[in-house]
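Shown next, in structure tokens, is the structure this report addresses.
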There are 2 protein chains.
Amino acid sequence: MIEIYLLEQLDAFAACGTLSEAAEKLHMTQPTLTRSMQKLEDYFGFPLFDRDKKRLSLNSSGKLLAEYAHKLLASEKEMEHHVRSHHRSLHTLHIGSIAPGPLMVLLPTCTAQYPEITIASSVDTEKAIIQGLLSDEYGVIILPHPMDDPRLHTQAYISEHLNLSVSVMHPAAARKSITFREMDGQNFIMFSQVGIWEDVVKAEMPASSFYKQESMEALKNLTTYSELPSFTTDVSVAHVSNWSNGRVNIPFSDPSATIRYYLVCKKENTAKWKQLLES
Amino acid sequence: MIEIYLLEQLDAFAACGTLSEAAEKLHMTQPTLTRSMQKLEDYFGFPLFDRDKKRLSLNSSGKLLAEYAHKLLASEKEMEHHVRSHHRSLHTLHIGSIAPGPLMVLLPTCTAQYPEITIASSVDTEKAIIQGLLSDEYGVIILPHPMDDPRLHTQAYISEHLNLSVSVMHPAAARKSITFREMDGQNFIMFSQVGIWEDVVKAEMPASSFYKQESMEALKNLTTYSELPSFTTDVSVAHVSNWSNGRVNIPFSDPSATIRYYLVCKKENTAKWKQLLES
DNA sequence: ATCACTTACGGGTGACGTAAAAATC
DNA sequence: GATTTTTACGTCACCCGTAAGTGAT
């Protein structure tokens, strides 16, 4: 069998055209390459190069070998990459969610329960997340409803409730609860990474505008120093510290202001994520 | 990059199940394999095996690697085979013919003109020979007619004439020529490897039977010691020595008893076989 | 003189074998 | 005790680099 290092050197020579250049590319010396190319010829027992005393070039057999070698090297790279990513997938849990709230609850328990595993999470649309679960990009996903698919395991998780967040000077500040309808038409400051909540508020308050903030820092400043209403949830209030910004949280009383989350994973992986699902 | 020898050893282990067995298969010692498998794990930086103190087995990453390794090794074998057969095709001329006669004339000149090249020849049906030319199995073929194909170069070659061969006691022995029709119904001894001539005589003498002999030796004995008629051609008479078997050759006068041969090769190879085509 | 390749020589890594130990059946 | 794997140690091969040589531009 021809060893890979010889094929690598041949591939470099085929790409560079001269041994000197190839040697530089490979961080080696020319004599080494000369010997390697001779070794290839010795192995096959017939010439792979035309020798012009000055210039070395591949003959037709050599060109053919170089083509194959190039493909073979690509295959080996691909092999290594696949094995590495397979191993990675065994030792990382990527969680996809349609909202950040449940991740705030789930991630700390995850890192505690699987200290040897890398935890990653993403907020995306429901469609993208379900696709990601089926393609094993995600190990567990969080949806606002159960999945009726024989390949999937669904389990009820926490629920999250949306609040109106207003300054104490706001007319609604004293209310014990409020409806979307009452707030429709007013303009809101909103965090951009809220996932499904954006769909909810846009649907329930079609006359309102929502000024989305990319950073938490910007959101915090704006809610502290402006009178514009904003949103919180019971989950975010419990998990985000330093929320003492002179505002009050008033629950929306509409049914759509409460979302019950469901953990979903492939049936074949239920054993693997047992502890997490039971949390 | 992972060297091939490591993948070979992994592949053997995956096939055998134990290091000892794999070592035997590879004509090596177990400790060598132990080290090689450790080397693979070191390279990847994560385990590829489950170690059971007694038994070593592939874990899921190892299985994946072994699968890829197996394919890669097959690719390398294929690469080597293709390069070798490419080189071979450059240094061998395989001539296909629909009859042995023209080969008797052509082969001696070939070996003289291309002493460094291996010459091979086959007699087969026209269909098989044309296919063989197109697939580069043959470099040059001999047909009984020109080819009207823009990819192919055709060139007239020698002609060959069929004789009746009978003992001096045969009623026709004194004839200067004879027709197929006159001989139809008589039974003949015939060499089996005559290619297109078999089609000719069967078509022209449908009432006759032909006793085909696989070996020249058998044919020679039968023609010498039996009275059954047989065939020769002007070409075979000129090229096969020791033909003094008390028989006389009487030319068939029918037009179909003469075949003009044509040399055909791919246009791209006319330069390569120039000398031969000009002979 | 420079460039490109080849040849010659020397060194250090590493691939392999032998020997022996550990562990399981 | 037999089998399988692992560890330890010595050796030889071979892969690479340095230095020198050849031929062409």
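Identifiers in the structure tokens: chain A, B, ... in order shown; residue index from 1 per chain; ligand index from 1 in order shown.
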
With a cut-off of 8 Å and counting only C-alpha atoms (C1' of nucleotides), select all residues of chain A in contact with chain C and give the selection as a PDB file with C-alpha atoms, in the first residue's frame.
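Result went into selection28.pdb, see below:
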```
ATOM      1  CA  THR A  18       8.242  22.048  -9.223  1.00  0.00           C
ATOM      2  CA  LEU A  19       9.719  20.090  -6.360  1.00  0.00           C
ATOM      3  CA  SER A  20      11.230  23.209  -4.831  1.00  0.00           C
ATOM      4  CA  PRO A  31      15.864  16.179  -1.617  1.00  0.00           C
ATOM      5  CA  THR A  34      13.034  13.766  -4.841  1.00  0.00           C
ATOM      6  CA  LYS A  53      17.461  17.166 -16.555  1.00  0.00           C
ATOM      7  CA  LYS A  54      16.161  20.569 -15.499  1.00  0.00           C
ATOM      8  CA  ARG A  55      12.444  20.133 -15.075  1.00  0.00           C
ATOM      9  CA  LEU A  56      10.510  17.272 -13.528  1.00  0.00           C
TER      10      LEU A  56
END
```

DSSP-assigned helix (DSSP H, G or I) members of range 48-85 of chain A, reported as a list of chain:residue names: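 Matching residues for helix (DSSP H, G or I) in range 48-85 of chain A are A:Ser60, A:Ser61, A:Gly62, A:Lys63, A:Leu64, A:Leu65, A:Ala66, A:Glu67, A:Tyr68, A:Ala69, A:His70, A:Lys71, A:Leu72, A:Leu73, A:Ala74, A:Ser75, A:Glu76, A:Lys77, A:Glu78, A:Met79, A:Glu80, A:His81, A:His82, A:Val83, A:Arg84, A:Ser85.
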
With 7 Å as the cut-off and only C-alpha atoms counted, what is the closest atom pair between each nearby residue of chain B and chain A? Distances in Å to one decimal, ordered by chain and number, as CSV.
```
residue,atom,partner,partner_atom,distance
B:Glu3,CA,A:Ile4,CA,5.3
B:Ile4,CA,A:Glu3,CA,5.3
B:Ser61,CA,A:His87,CA,6.0
B:Leu64,CA,A:Val83,CA,6.4
B:Leu65,CA,A:Val83,CA,6.1
B:Tyr68,CA,A:Met79,CA,6.0
B:Met79,CA,A:Tyr68,CA,6.0
B:Val83,CA,A:Ser61,CA,6.0
B:His86,CA,A:Ser61,CA,6.6
B:His87,CA,A:Ser61,CA,6.0
```

Residue nearest chain D among A:Met28, A:Met216, A:Val201, A:Ala12 (counting only C-alpha atoms (C1' of nucleotides)): A:Met28

Exercise answer, chain D residues close to chain B, 10 Å and only C-alpha atoms (C1' of nucleotides), as a list of chain:residue names: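 My answer is D:DT3, D:DT4, D:DT5, D:DT6, D:DT7.
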
Pull C-alpha atoms (C1' of nucleotides) from the residues just selected and write them as a PDB file, in the first residue's frame.
```
ATOM      1  C1'  DT D   3      -6.347 -16.371  25.809  1.00  0.00           C
ATOM      2  C1'  DT D   4      -6.251 -11.457  25.157  1.00  0.00           C
ATOM      3  C1'  DT D   5      -4.474  -7.148  25.948  1.00  0.00           C
ATOM      4  C1'  DT D   6      -0.969  -4.091  27.758  1.00  0.00           C
ATOM      5  C1'  DT D   7       3.702  -2.521  29.069  1.00  0.00           C
TER       6       DT D   7
END
```

Those of range 25-131 of chain B in DSSP strand (DSSP E), formatted as a list of chain:residue names: B:Phe49, B:Asp50, B:Arg51, B:Leu56, B:Ser57, B:Leu58, B:Thr92, B:Leu93, B:His94, B:Ile95, B:Gly96, B:Ser97, B:Thr118, B:Ile119, B:Ala120, B:Ser121, B:Ser122, B:Val123

Determine, counting only C-alpha atoms (C1' of nucleotides), which protein, DNA and RNA residues have an atom within 10 Å of an atom of Val105 in chain B; residues of the same chain fewer than 6 positions away are not included. Present the result as a PDB file with C-alpha atoms, in the first residue's frame.
```
ATOM      1  CA  ILE B 158      -4.143  -7.862 -47.151  1.00  0.00           C
ATOM      2  CA  VAL B 235      -2.182 -17.050 -45.973  1.00  0.00           C
ATOM      3  CA  SER B 236      -2.201 -20.153 -43.805  1.00  0.00           C
ATOM      4  CA  ALA B 238       2.392 -19.492 -46.500  1.00  0.00           C
ATOM      5  CA  HIS B 239       2.679 -19.209 -42.705  1.00  0.00           C
TER       6      HIS B 239
END
```

Gap from C1' of DG23 in chain D to CA of Leu33 in chain A - Å, one decimal: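 Those two atoms sit 19.1 Å apart.
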
Non-local contacts of Ile117 in chain B (8 Å; only C-alpha atoms (C1' of nucleotides); under 3 positions in same chain excluded) as number ranges by chain: B: 91-93, 111, 114

Saved selection, atoms kept: C-alpha atoms, as a CSV table (one decimal), in the first residue's frame:
```
chain,number,residue,atom,x,y,z
B,91,HIS,CA,2.8,-0.4,-23.3
B,92,THR,CA,0.7,-3.2,-24.8
B,93,LEU,CA,-1.0,-3.4,-28.2
B,111,THR,CA,6.9,-7.6,-32.7
B,114,TYR,CA,7.6,-2.5,-31.4
```
